[in-house]
$ cat structure.csv   # CSV, C-alpha atoms
chain,number,residue,atom,x,y,z
L,941,MET,CA,-105.6,99.2,-39.8
L,942,SER,CA,-105.3,102.4,-37.8
L,943,THR,CA,-105.8,103.0,-34.1
L,944,VAL,CA,-107.6,105.9,-32.5
L,945,SER,CA,-107.2,106.6,-28.8
L,946,ILE,CA,-109.8,108.2,-26.5
L,947,ASP,CA,-108.9,109.4,-23.0
L,948,LEU,CA,-111.6,108.5,-20.5
L,949,PRO,CA,-111.7,108.9,-16.7
L,950,GLU,CA,-110.9,105.6,-15.0
L,951,THR,CA,-114.3,105.7,-13.3
L,952,THR,CA,-116.0,105.4,-16.7
L,953,PHE,CA,-115.4,101.7,-16.8
L,954,ALA,CA,-116.8,101.1,-13.4
L,955,VAL,CA,-119.9,103.2,-14.0
L,956,LEU,CA,-120.7,101.4,-17.2
L,957,GLY,CA,-119.7,98.0,-15.9
L,958,LYS,CA,-117.4,97.4,-18.9
L,959,GLU,CA,-113.8,96.3,-19.4
L,960,GLN,CA,-111.6,98.6,-21.4
L,961,LYS,CA,-111.6,96.4,-24.6
L,962,GLU,CA,-115.4,95.9,-24.4
L,963,LEU,CA,-116.1,99.6,-24.0
L,964,GLY,CA,-113.8,100.4,-26.9
L,965,ARG,CA,-115.8,98.0,-29.1
L,966,GLU,CA,-119.1,99.5,-27.9
L,967,ILE,CA,-117.9,103.0,-28.7
L,968,LEU,CA,-116.9,101.9,-32.2
L,969,VAL,CA,-120.2,100.2,-32.9
L,970,ALA,CA,-122.1,103.3,-31.7
L,971,ALA,CA,-120.1,105.6,-33.9
L,972,VAL,CA,-120.5,103.3,-37.0
L,973,VAL,CA,-124.3,103.0,-36.4
L,974,LYS,CA,-124.6,106.8,-36.1
L,975,TRP,CA,-122.5,107.4,-39.3
L,976,PHE,CA,-124.8,105.0,-41.1
L,977,GLU,CA,-127.9,106.7,-39.6
L,978,LEU,CA,-126.6,110.1,-40.8
L,979,GLY,CA,-126.0,108.7,-44.3
L,980,ARG,CA,-122.3,109.2,-44.1
L,981,ILE,CA,-121.5,105.5,-44.8
L,982,SER,CA,-123.3,102.7,-46.5
L,983,GLN,CA,-124.4,99.5,-44.8
L,984,GLY,CA,-121.6,97.6,-46.6
L,985,LYS,CA,-119.0,100.0,-45.3
L,986,ALA,CA,-120.4,99.8,-41.8
L,987,SER,CA,-120.2,96.0,-41.9
L,988,GLU,CA,-116.6,96.3,-43.2
L,989,ILE,CA,-115.5,98.7,-40.4
L,990,LEU,CA,-117.0,96.4,-37.8
L,991,GLY,CA,-115.7,93.2,-39.4
L,992,ILE,CA,-119.1,91.6,-39.5
L,993,SER,CA,-121.4,90.3,-42.2
L,994,ARG,CA,-124.3,92.4,-43.7
L,995,ALA,CA,-126.8,90.1,-41.9
L,996,GLU,CA,-125.0,90.8,-38.6
L,997,MET,CA,-125.1,94.5,-39.4
L,998,LEU,CA,-128.9,94.3,-39.6
L,999,ASP,CA,-129.0,92.8,-36.1
L,1000,VAL,CA,-126.7,95.6,-34.8
L,1001,LEU,CA,-129.0,98.3,-36.4
L,1002,ALA,CA,-132.0,96.6,-34.8
L,1003,GLN,CA,-130.3,96.6,-31.4
L,1004,TYR,CA,-129.8,100.4,-31.8
L,1005,ARG,CA,-133.3,100.9,-33.2
L,1006,VAL,CA,-132.0,102.3,-36.4
L,1007,SER,CA,-133.8,101.5,-39.6
L,1008,ALA,CA,-131.8,99.6,-42.1
L,1009,TRP,CA,-133.5,101.5,-44.9
L,1010,GLN,CA,-132.3,105.1,-45.0
L,1011,TYR,CA,-134.3,107.4,-47.2
L,1012,SER,CA,-133.7,111.1,-47.9
L,1013,SER,CA,-136.7,113.4,-47.9
L,1014,GLU,CA,-136.5,113.4,-51.7
L,1015,ASP,CA,-136.5,109.6,-51.9
L,1016,LEU,CA,-139.4,109.4,-49.5
L,1017,GLU,CA,-141.4,112.0,-51.5
L,1018,LYS,CA,-140.8,110.0,-54.7
L,1019,GLU,CA,-141.9,106.8,-53.0
L,1020,LEU,CA,-145.1,108.3,-51.7
L,1021,SER,CA,-146.1,110.2,-54.8
L,1022,PHE,CA,-148.9,108.7,-56.8
L,1023,GLU,CA,-147.8,110.1,-60.2
$ encode --input "structure.csv" --output "structure tokens"
Amino acid sequence: MSTVSIDLPETTFAVLGKEQKELGREILVAAVVKWFELGRISQGKASEILGISRAEMLDVLAQYRVSAWQYSSEDLEKELSFE
């Protein structure tokens, strides 16, 4: 496993009311959810990165109000066509 460091002002933790470890996890979750939302990673890969089950990933996506079903405009057009 690799480690990534982010430099944040000390005041960040107080403003957000988070401990360093807790904030680090929150940043990781937010990044993974965004990558999934953008279609850069699959739901399975997102679960793997976060070390959680697919069912737990669905809960995380719901907390961030991100649909678990990601469709491209082409996919959506196919689904909605009546041909």
$ residues_around --input "structure.csv" --residues "Gly964 (chain L)" --least-positions-apart "4" --cutoff "12 Å" --atoms "all atoms listed in the file" --output "number ranges by chain"
L: 943-948, 952-953, 956, 958-960, 968-971
$ write_last_selection --input "structure.csv" --atoms "C-alpha atoms" --output "short mmCIF file (atom, residue, chain, number, x, y, z; two decimals), in the coordinates of the input"
data_model
loop_
_atom_site.label_atom_id
_atom_site.label_comp_id
_atom_site.auth_asym_id
_atom_site.auth_seq_id
_atom_site.Cartn_x
_atom_site.Cartn_y
_atom_site.Cartn_z
CA THR L 943 -105.80 103.00 -34.10
CA VAL L 944 -107.60 105.90 -32.50
CA SER L 945 -107.20 106.60 -28.80
CA ILE L 946 -109.80 108.20 -26.50
CA ASP L 947 -108.90 109.40 -23.00
CA LEU L 948 -111.60 108.50 -20.50
CA THR L 952 -116.00 105.40 -16.70
CA PHE L 953 -115.40 101.70 -16.80
CA LEU L 956 -120.70 101.40 -17.20
CA LYS L 958 -117.40 97.40 -18.90
CA GLU L 959 -113.80 96.30 -19.40
CA GLN L 960 -111.60 98.60 -21.40
CA LEU L 968 -116.90 101.90 -32.20
CA VAL L 969 -120.20 100.20 -32.90
CA ALA L 970 -122.10 103.30 -31.70
CA ALA L 971 -120.10 105.60 -33.90
#
$ atom_distance --input "structure.csv" --atom1 "CA of Glu1014 (chain L)" --atom2 "CA of Lys974 (chain L)"
20.7 Å
$ residues_around --input "structure.csv" --residues "region 1002-1010 of chain L" --least-positions-apart "4" --cutoff "12 Å" --atoms "only C-alpha atoms" --output "list in words"
Glu966, Val969, Ala970, Ala971, Val972, Val973, Lys974, Trp975, Phe976, Glu977, Leu978, Gly979, Arg980, Ile981, Ser982, Gln983, Gly984, Ala986, Arg994, Ala995, Glu996, Met997, Leu998, Glu1014, Asp1015 and Leu1016 of chain L
$ atom_distance --input "structure.csv" --atom1 "CA of Leu1001 (chain L)" --atom2 "CA of Ser987 (chain L)"
10.6 Å
$ atom_distance --input "structure.csv" --atom1 "CA of Leu963 (chain L)" --atom2 "CA of Ser942 (chain L)"
17.7 Å
$ closest_residue --input "structure.csv" --among "L:Arg965, L:Pro949, L:Leu1020, L:Gly957" --to "Gly991 (chain L)" --atoms "all atoms listed in the file"
L:Arg965
